[in-house]
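*Asks:* Please see the structure below; I have some questions.
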Amino acid sequence: MEQRKKRLKLRAWRRGTRELDLIFGTVVDRLLTDLDEQSVAQIEALLDENDLEVYDWLIGKTPVPEKHKNKMMEELQNFAMLSAKLQLGRIG
């Protein structure tokens, strides 16, 4: 499992687009030590999807497919939303 987590961290930070690298990398770094098999599988499945589609799901532009409606998608969406609010100066 530790090797799988190391690969996951590398993939999260080198996803493709810089925006998704920052979102996935930050969330994976924050949660990595506590991720269970199911959570790792959920993130890996998202990493296999098209960058532009994933980004649209994260920002709410398009609906998240049923197969990706899970805890890790929620974590990624929450971080993306918080990050956007910070960039726009809408948080303290």
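Identifiers in the structure tokens: chain A, B, ... in order shown; residue index from 1 per chain; ligand index from 1 in order shown.
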Residues at most 9 Å from segment 38-50 of chain A, counting only C-alpha atoms, excluding those fewer than 3 positions away in the same chain, as a list of chain:residue names?
*Replies:*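 Counting only C-alpha atoms, the residues come to A:Arg4, A:Lys5, A:Leu8, A:Arg11, A:Ala12, A:Arg15, A:Phe24, A:Val28, A:Leu32, A:Leu35, A:Glu53, A:Val54, A:Tyr55, A:His68, A:Asn70, A:Lys71, A:Met72, A:Met73.
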*Asks:* Any chance you can output those residues with C-alpha atoms as a JSON list (two decimals), in the first residue's frame?
*Replies:*
[["chain", "number", "residue", "atom", "x", "y", "z"],
["A", 4, "ARG", "CA", 0.81, 2.68, -4.20],
["A", 5, "LYS", "CA", 0.49, 5.84, -2.11],
["A", 8, "LEU", "CA", -0.49, 8.29, -6.18],
["A", 11, "ARG", "CA", 0.56, 11.22, -10.23],
["A", 12, "ALA", "CA", -1.45, 13.79, -8.28],
["A", 15, "ARG", "CA", -1.54, 15.16, -13.61],
["A", 24, "PHE", "CA", -5.07, 16.95, -6.62],
["A", 28, "VAL", "CA", -3.49, 14.08, -1.69],
["A", 32, "LEU", "CA", -2.25, 10.72, 2.14],
["A", 35, "LEU", "CA", -6.19, 7.20, 2.88],
["A", 53, "GLU", "CA", -13.79, 16.86, -17.85],
["A", 54, "VAL", "CA", -12.47, 16.44, -14.30],
["A", 55, "TYR", "CA", -11.92, 20.17, -13.95],
["A", 68, "HIS", "CA", -17.27, 9.41, -9.34],
["A", 70, "ASN", "CA", -17.80, 9.72, -3.66],
["A", 71, "LYS", "CA", -15.89, 11.04, -0.67],
["A", 72, "MET", "CA", -12.73, 11.88, -2.60],
["A", 73, "MET", "CA", -14.62, 13.86, -5.25]]
*Asks:* With only C-alpha atoms as the atoms that count, which of A:Leu10, A:Leu58, A:Glu2, A:Pro65 lies nearest to Asp36 of chain A?
*Replies:*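 For Asp36 of chain A, the nearest of the given residues is A:Glu2.
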*Asks:* Pick out the closest residue to Val64 of chain A from this set: A:Leu76, A:Glu37, A:Arg30, A:Leu82. Count only C-alpha atoms.
*Replies:*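 Ranking A:Leu76, A:Glu37, A:Arg30, A:Leu82 by distance to Val64 of chain A, first place goes to A:Leu76.
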*Asks:* Which of these, A:Asp51, A:Asp34, A:Glu66, A:Arg7, has the shortest distance to Glu19 of chain A once you count only C-alpha atoms?
*Replies:*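 The closest residue to Glu19 of chain A is A:Asp51.
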*Asks:* Taking only C-alpha atoms into account, which of A:Asp21, A:Met1, A:Trp57, A:Lys69 comes nearest Thr33 of chain A?
*Replies:* A:Met1
*Asks:* Name the closest residue to Lys6 of chain A among the candidates A:Glu75, A:Ile23, A:Met81, A:Asp29; distances are taken between atoms, counting only C-alpha atoms.
*Replies:*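 Of the candidates, the smallest distance to Lys6 of chain A is held by A:Asp29.
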*Asks:* One decimal, in Å: what's the spacing between atom CA of Lys61 of chain A and atom CA of Gly16 of chain A?
*Replies:*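 That distance, rounded to one decimal, is 19.4 Å.
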*Asks:* Could you go through chain A and tell me which residues DSSP, when run on the backbone, assigns to alpha helix (DSSP H), listing them as a PyMOL selection string?
*Replies:* chain A and resi 2-13+18-31+37-47+51-58+71-87
*Asks:* Only C-alpha atoms, please: the residues just picked out, written as an mmCIF file, in the first residue's frame.
*Replies:*
data_model
loop_
_atom_site.group_PDB
_atom_site.id
_atom_site.type_symbol
_atom_site.label_atom_id
_atom_site.label_comp_id
_atom_site.auth_asym_id
_atom_site.auth_seq_id
_atom_site.Cartn_x
_atom_site.Cartn_y
_atom_site.Cartn_z
ATOM 1 C CA GLU A 2 2.865 2.416 0.737
ATOM 2 C CA GLN A 3 4.271 2.069 -2.787
ATOM 3 C CA ARG A 4 0.809 2.677 -4.203
ATOM 4 C CA LYS A 5 0.491 5.844 -2.107
ATOM 5 C CA LYS A 6 3.885 7.073 -3.331
ATOM 6 C CA ARG A 7 2.806 6.564 -6.948
ATOM 7 C CA LEU A 8 -0.492 8.287 -6.177
ATOM 8 C CA LYS A 9 1.309 11.328 -4.786
ATOM 9 C CA LEU A 10 3.519 11.565 -7.868
ATOM 10 C CA ARG A 11 0.561 11.220 -10.231
ATOM 11 C CA ALA A 12 -1.454 13.792 -8.284
ATOM 12 C CA TRP A 13 1.268 16.434 -8.678
ATOM 13 C CA ARG A 18 -1.368 23.041 -13.537
ATOM 14 C CA GLU A 19 -4.785 23.753 -12.002
ATOM 15 C CA LEU A 20 -5.477 20.069 -11.457
ATOM 16 C CA ASP A 21 -1.920 19.434 -10.277
ATOM 17 C CA LEU A 22 -2.473 22.003 -7.527
ATOM 18 C CA ILE A 23 -5.899 20.669 -6.552
ATOM 19 C CA PHE A 24 -5.073 16.950 -6.622
ATOM 20 C CA GLY A 25 -1.558 17.382 -5.233
ATOM 21 C CA THR A 26 -2.642 19.506 -2.285
ATOM 22 C CA VAL A 27 -5.566 17.248 -1.367
ATOM 23 C CA VAL A 28 -3.494 14.076 -1.686
ATOM 24 C CA ASP A 29 -0.657 15.578 0.381
ATOM 25 C CA ARG A 30 -3.120 16.566 3.111
ATOM 26 C CA LEU A 31 -4.904 13.204 3.259
ATOM 27 C CA GLU A 37 -7.764 1.350 -0.181
ATOM 28 C CA GLN A 38 -11.160 2.658 -1.278
ATOM 29 C CA SER A 39 -10.066 6.307 -1.187
ATOM 30 C CA VAL A 40 -6.873 5.542 -3.109
ATOM 31 C CA ALA A 41 -8.917 3.696 -5.751
ATOM 32 C CA GLN A 42 -11.315 6.649 -6.006
ATOM 33 C CA ILE A 43 -8.494 9.116 -6.635
ATOM 34 C CA GLU A 44 -6.760 6.770 -9.074
ATOM 35 C CA ALA A 45 -10.000 6.467 -11.056
ATOM 36 C CA LEU A 46 -10.235 10.259 -11.281
ATOM 37 C CA LEU A 47 -6.605 10.516 -12.360
ATOM 38 C CA ASP A 51 -8.292 16.649 -17.429
ATOM 39 C CA LEU A 52 -10.856 19.051 -18.848
ATOM 40 C CA GLU A 53 -13.792 16.856 -17.845
ATOM 41 C CA VAL A 54 -12.471 16.437 -14.299
ATOM 42 C CA TYR A 55 -11.918 20.171 -13.954
ATOM 43 C CA ASP A 56 -15.482 20.860 -15.114
ATOM 44 C CA TRP A 57 -16.782 18.394 -12.494
ATOM 45 C CA LEU A 58 -14.690 19.984 -9.760
ATOM 46 C CA LYS A 71 -15.891 11.042 -0.672
ATOM 47 C CA MET A 72 -12.731 11.880 -2.600
ATOM 48 C CA MET A 73 -14.617 13.858 -5.246
ATOM 49 C CA GLU A 74 -16.213 15.835 -2.422
ATOM 50 C CA GLU A 75 -12.776 16.526 -0.905
ATOM 51 C CA LEU A 76 -11.450 17.725 -4.254
ATOM 52 C CA GLN A 77 -14.526 19.872 -4.946
ATOM 53 C CA ASN A 78 -14.377 21.434 -1.475
ATOM 54 C CA PHE A 79 -10.723 22.333 -1.936
ATOM 55 C CA ALA A 80 -11.334 23.728 -5.429
ATOM 56 C CA MET A 81 -14.190 25.874 -4.124
ATOM 57 C CA LEU A 82 -12.184 27.136 -1.148
ATOM 58 C CA SER A 83 -9.224 27.927 -3.383
ATOM 59 C CA ALA A 84 -11.414 29.869 -5.812
ATOM 60 C CA LYS A 85 -12.965 31.881 -2.977
ATOM 61 C CA LEU A 86 -9.528 32.732 -1.608
ATOM 62 C CA GLN A 87 -8.343 33.865 -5.027
#
